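Working notes, beginning with the structure itself.
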Amino acid sequence: MINHTMIVSFDNPLPQDELDQYLTDIERAMLGTGLAASVATRRHIPVPGEEAIPALIATAIVQVAVPDIDALAKAFAAPGVHEVIGRWRSRHPYKVAWANHEALA
């Protein structure tokens, strides 16, 4: 099993209901591929002063578990996933950092 962990950082703050919708949309799209064993999404928990650090600071974390690298590539090539990502990026630009890894625990 491979975990694909994404650190999603929106360029501008989102209202809470819109962030909730983004997380729901990306989770449904990934599960809808039939390739993800699981999808977990969480909001970033801010720490006072972190905005002074010159780093990509998350708005949210998305973790997708897939059986192997081929499934990961196919999941991100799925039309539904592209549609969700494109729709959200056009309305609310964001950056993503990610890591592919085995389970941490």
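Lettering and numbering for the structure tokens are positional, with chains as A, B, ... in the shown order, residues counted from 1 in each chain, and ligands counted from 1 in the shown order.
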
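When the distance limit is 9 Å and only C-alpha atoms are what count, the residues near Leu19 of chain A, minus those fewer than 5 positions from it on the same chain, are Leu14, Thr24, Arg43, Thr59 and Ala60 of chain A.
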
Using N, CA, C and O atoms, can you write the selected residues to a file as a compact mmCIF listing (two decimals), in the first residue's frame?
```txt
# COMPACT_ATOMS: atom_id res chain seq x y z
N LEU A 14 -9.98 30.63 2.63
CA LEU A 14 -11.30 30.21 2.17
C LEU A 14 -12.29 30.26 3.33
O LEU A 14 -11.92 29.91 4.46
N THR A 24 -14.62 17.62 0.59
CA THR A 24 -15.62 16.64 0.18
C THR A 24 -15.47 16.29 -1.30
O THR A 24 -15.50 15.11 -1.68
N ARG A 43 -8.24 19.50 8.06
CA ARG A 43 -7.81 20.90 8.03
C ARG A 43 -6.46 21.02 8.72
O ARG A 43 -6.17 20.27 9.65
N THR A 59 -3.27 24.56 4.10
CA THR A 59 -4.65 24.88 4.43
C THR A 59 -5.32 23.58 4.85
O THR A 59 -6.14 23.56 5.77
N ALA A 60 -4.94 22.50 4.18
CA ALA A 60 -5.52 21.19 4.45
C ALA A 60 -4.56 20.09 4.03
O ALA A 60 -3.62 20.33 3.27
```

All strand (DSSP E or B) positions in chain A, as a ChimeraX atom specification: /A:2-10,38-43,60-66,94-101

Filtered DSSP result for segment 16-58 of chain A, state alpha helix (DSSP H), as number ranges by chain: A: 16-32

Contacts of segment 85-89 of chain A at 12 Å (only C-alpha atoms; same-chain gap of 3+ positions) as number ranges by chain: A: 8-12, 14, 18-19, 21-30, 76-82, 92-96

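The two atoms in question, atom CA of Pro67 of chain A and atom CA of Ala99 of chain A, are spaced 15.4 Å apart.
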